[in-house]
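> Take this structure, written in structure tokens, and hold onto it; I'll ask about it next.
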Amino acid sequence: MTLRLKFLSCLLLGGLLLAQTAAAHRLRPAIVTVTFGGDGTWSAALQLNLEALLAGIGPEHEDTSQAPQAGAYNALRELPPETLRVQFDEFVPRLLRGIAVRFDGQTVAPQLAAVAIPAVGDTGVERLTVITFGGRIPPGSGVFTWQYAPEFGESALRLKLPGGDIARADCLTAGKESPPFPLDPALLPPRTTIEVLRDYTVLGYTHIVPKGLDHILFVLGIFLLSLGWRPLLYQVTAFTLAHSITLALSLYGVVSLPASVVEPLIALSIVYVAVENMLVSELKAWRVWVVFGFGLLHGLGFAGVLTEVGLPRGEFLPALIAFNVGVELGQLTVIGLALLAVGLWCRGRPWYRARVVIPASALIAAVGGYWTIARILG
């Protein structure tokens with residue numbers, strides 16, 4: 001085996017070890033969908049990582065592997081639903097104390113209605129539990145607010161009217177109370193354009209930095225091929241156009257693919273770009289079209305985030321545009337940091353390809369390959 005092959009083998013092994021760490025579960029916001037019934041009742045479906053909640057892993061950690069309770073979390077991941085339900089039942093009083101549902105400023109006690117814990121599958125894939133609770137709306141109530149305890153982390157609140165339409169969607173930082181929501185839809189104050197642009201731009205940006213490691217690796221793969229501005233411009237433009245198209249088409253219901261198909265293909269796109277970086281030294285015509293095709297897949301992945309959070313009625317288009325702007329700002333941040341770290345120092349260096357492109361691409365390919373297999377098996 002040549003020294004070069006030994007070197008690449010070590011890099012691939014290191015990439016697989018890195019992938020094991022990268023496979024740790026990111027701490028995502030709890031998705032809360034509150035529905036107001038026409039019969040004077042309200043219900044809330046809370047989708048969350050129950051094991052992280054039971055283990056006491058809070059928002060101060062980016063993913064579960066960083067927390068001291070990582071061992072307890074991994075043990076909970078192995079439990080079947082009926083066993084995990086026993087531990088959840090003991091936790092219920094604390095959970096309900098950490099949820100503040102208020103009507104006209106008065107806190108009401110939510111009543112637990114149902115718990116749906118998925119079966120144990122691939123423990124490398126996050127298991128999401130749905131907890132449903134609710135109660136009656138106090139007579140004469142005019143305003144609703146929601147608040148999630150700070151130690152439970154962030155929450156994405158979706159508010160549905162009796163007809164099923166999403167009237168408002170808010171992304172709330174840990175411990176933040178939601179804006180007041182008038183129960184009479186006729187009294188719902190219109191959200192200003194500035195508020196919509198601000199909230200969904202932040203959502204799009206944070207989906208890339210720091211939460212979108214797979215998208216970050218794809219953008220880095222695009223960046224590494226050449227430090228010339230033309231190759232980078234062509235690829236980034238193709239990627240941006242493509243994911244903007246499918247993001248819009250998916251949210252308008254024109255195209256749709258399940259996450260079980262989209263997520264492995266996104267991982268595979270990372271592998272392709274990284275491997276091609278090791279095989280070619282300059283931009284080829286087909287590369288731009290391949291990046292465009294993979295951009296279509298990434299757009300479907302972005303759409304999944306907005307589908308989870310929801311786009312409120314009357315705010316669809318500005319929210320969609322703002323989210324896309326946030327994604328682009330996140331990608332530009334990744335490219336800017338890469339330029340500062342590598343581009344400014346390595347431009348024109350004869351050793352750039354051998355010492356930077358090939359090693360970095362090998363690591364990226366290894367991580368993408370691991371994710372591809374894990375997402376298919378999961």
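To be explicit about the labels: the chains of the structure tokens are called A, B, and onward in the order shown, and within each one the residues are counted from 1, while ligands get numbers from 1 in the order they are shown.
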Name the residues in contact with Thr35 in chain A at a cut-off of 7 Å, using only C-alpha atoms, excluding same-chain residues fewer than 2 positions from it; report them as a list in words.

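Result of the neighbour search: Thr33, Gly37, Trp42, Ser43, Ala44, Leu159, Lys160, Leu161 and Pro162 of chain A.
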
> List every residue of range 140-178 of chain A that has an atom at most 8 Å from any atom of range 57-75 of chain A, and for each one report the closest atom pair and its distance in Å to one decimal, counting only C-alpha atoms, with rows sorted by chain and then by increasing residue number, as CSV.


```
residue,atom,partner,partner_atom,distance
A:Glu151,CA,A:Gly58,CA,5.4
A:Phe152,CA,A:Gly58,CA,5.9
A:Gly153,CA,A:Pro59,CA,4.7
A:Glu154,CA,A:Pro59,CA,7.3
A:Ala174,CA,A:Pro59,CA,7.3
```

> In terms of the shortest atom-to-atom distance over only C-alpha atoms, which of A:Asn49, A:Ile335, A:Arg168, A:Trp351 is closest to Val209 in chain A?

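So, comparing all the options, the nearest one is A:Ile335.
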
> Distance table requested - range 134-238 of chain A against range 352-360 of chain A, cut-off 10 Å, only C-alpha atoms: one row per qualifying residue with the closest atom pair and its distance in Å to one decimal, ordered by chain and rising residue number, as CSV.


```
residue,atom,partner,partner_atom,distance
A:Leu220,CA,A:Ala360,CA,9.2
A:Gly221,CA,A:Ala360,CA,8.6
A:Phe223,CA,A:Val357,CA,9.5
A:Leu224,CA,A:Val357,CA,5.8
A:Leu225,CA,A:Val357,CA,6.9
A:Ser226,CA,A:Val357,CA,8.7
A:Leu227,CA,A:Tyr352,CA,9.5
```

> Residues within 12 Å of Trp286 in chain A, please, as a PyMOL selection string. Count only C-alpha atoms; anything in the same chain fewer than 4 positions from it doesn't count.

chain A and resi 234-235+238+273+276+280+282+290-293

> Could you dump the residues just selected with N, CA and C atoms as a PDB file, in the first residue's frame?


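Writing the result to result_14.pdb gives the following:
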```pdb
ATOM      1  N   TYR A 234     -20.534  29.726  -9.717  1.00  0.00           N
ATOM      2  CA  TYR A 234     -21.392  28.855 -10.521  1.00  0.00           C
ATOM      3  C   TYR A 234     -22.098  27.813  -9.647  1.00  0.00           C
ATOM      4  N   GLN A 235     -21.345  27.196  -8.749  1.00  0.00           N
ATOM      5  CA  GLN A 235     -21.926  26.136  -7.926  1.00  0.00           C
ATOM      6  C   GLN A 235     -22.932  26.680  -6.911  1.00  0.00           C
ATOM      7  N   ALA A 238     -26.149  27.710  -8.671  1.00  0.00           N
ATOM      8  CA  ALA A 238     -26.954  26.543  -9.050  1.00  0.00           C
ATOM      9  C   ALA A 238     -27.645  25.950  -7.825  1.00  0.00           C
ATOM     10  N   VAL A 273     -20.073  14.980  -3.770  1.00  0.00           N
ATOM     11  CA  VAL A 273     -19.290  16.198  -3.947  1.00  0.00           C
ATOM     12  C   VAL A 273     -17.886  16.012  -3.385  1.00  0.00           C
ATOM     13  N   GLU A 276     -15.822  13.592  -5.642  1.00  0.00           N
ATOM     14  CA  GLU A 276     -15.431  14.239  -6.891  1.00  0.00           C
ATOM     15  C   GLU A 276     -14.305  15.243  -6.656  1.00  0.00           C
ATOM     16  N   VAL A 280     -11.170  15.132  -9.341  1.00  0.00           N
ATOM     17  CA  VAL A 280     -10.932  16.178 -10.339  1.00  0.00           C
ATOM     18  C   VAL A 280     -10.350  17.399  -9.657  1.00  0.00           C
ATOM     19  N   GLU A 282     -10.479  20.612 -11.159  1.00  0.00           N
ATOM     20  CA  GLU A 282     -11.087  21.851 -11.634  1.00  0.00           C
ATOM     21  C   GLU A 282     -12.563  21.610 -11.931  1.00  0.00           C
ATOM     22  N   VAL A 290     -24.986  18.712 -11.525  1.00  0.00           N
ATOM     23  CA  VAL A 290     -25.132  17.776 -10.412  1.00  0.00           C
ATOM     24  C   VAL A 290     -25.447  18.535  -9.119  1.00  0.00           C
ATOM     25  N   VAL A 291     -24.741  19.640  -8.899  1.00  0.00           N
ATOM     26  CA  VAL A 291     -25.016  20.464  -7.718  1.00  0.00           C
ATOM     27  C   VAL A 291     -26.441  21.002  -7.762  1.00  0.00           C
ATOM     28  N   PHE A 292     -26.893  21.381  -8.963  1.00  0.00           N
ATOM     29  CA  PHE A 292     -28.280  21.841  -9.106  1.00  0.00           C
ATOM     30  C   PHE A 292     -29.251  20.727  -8.709  1.00  0.00           C
ATOM     31  N   GLY A 293     -28.987  19.507  -9.183  1.00  0.00           N
ATOM     32  CA  GLY A 293     -29.866  18.386  -8.837  1.00  0.00           C
ATOM     33  C   GLY A 293     -29.887  18.107  -7.349  1.00  0.00           C
TER      34      GLY A 293
END
```

> Mind checking DSSP for range 100-326 of chain A and telling me the strand (DSSP E) residues as a count of residues only?

42

> Would you list the contacts of Leu84 in chain A as a list of chain:residue names, taking every protein, DNA or RNA residue within 12 Å and counting only C-alpha atoms, but skipping same-chain residues closer than 2 positions in sequence?

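Here the answer would be A:Leu50, A:Glu51, A:Leu53, A:Leu54, A:Ala55, A:Tyr73, A:Ala75, A:Leu76, A:Arg77, A:Glu78, A:Leu79, A:Pro80, A:Pro81, A:Glu82, A:Val86, A:Gln87, A:Phe88, A:Asp89, A:Glu90, A:Phe91, A:Val115, A:Ala116, A:Ile117, A:Pro118, A:Ala119, A:Val120, A:Arg127, A:Thr129.
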
> Pull the alpha helix (DSSP H) assignments for range 202-377 of chain A out of DSSP run on the backbone, and list those residues as an MDAnalysis selection string.

chainID A and resid 202:208 213:224 229:251 259:279 285:309 316:338 344:346 352 358:377

> With only C-alpha atoms as the basis for distance, which of A:Val32, A:Gly368, A:Ala303, A:Gly330 is at the shortest distance from Gly253 in chain A?

A:Ala303
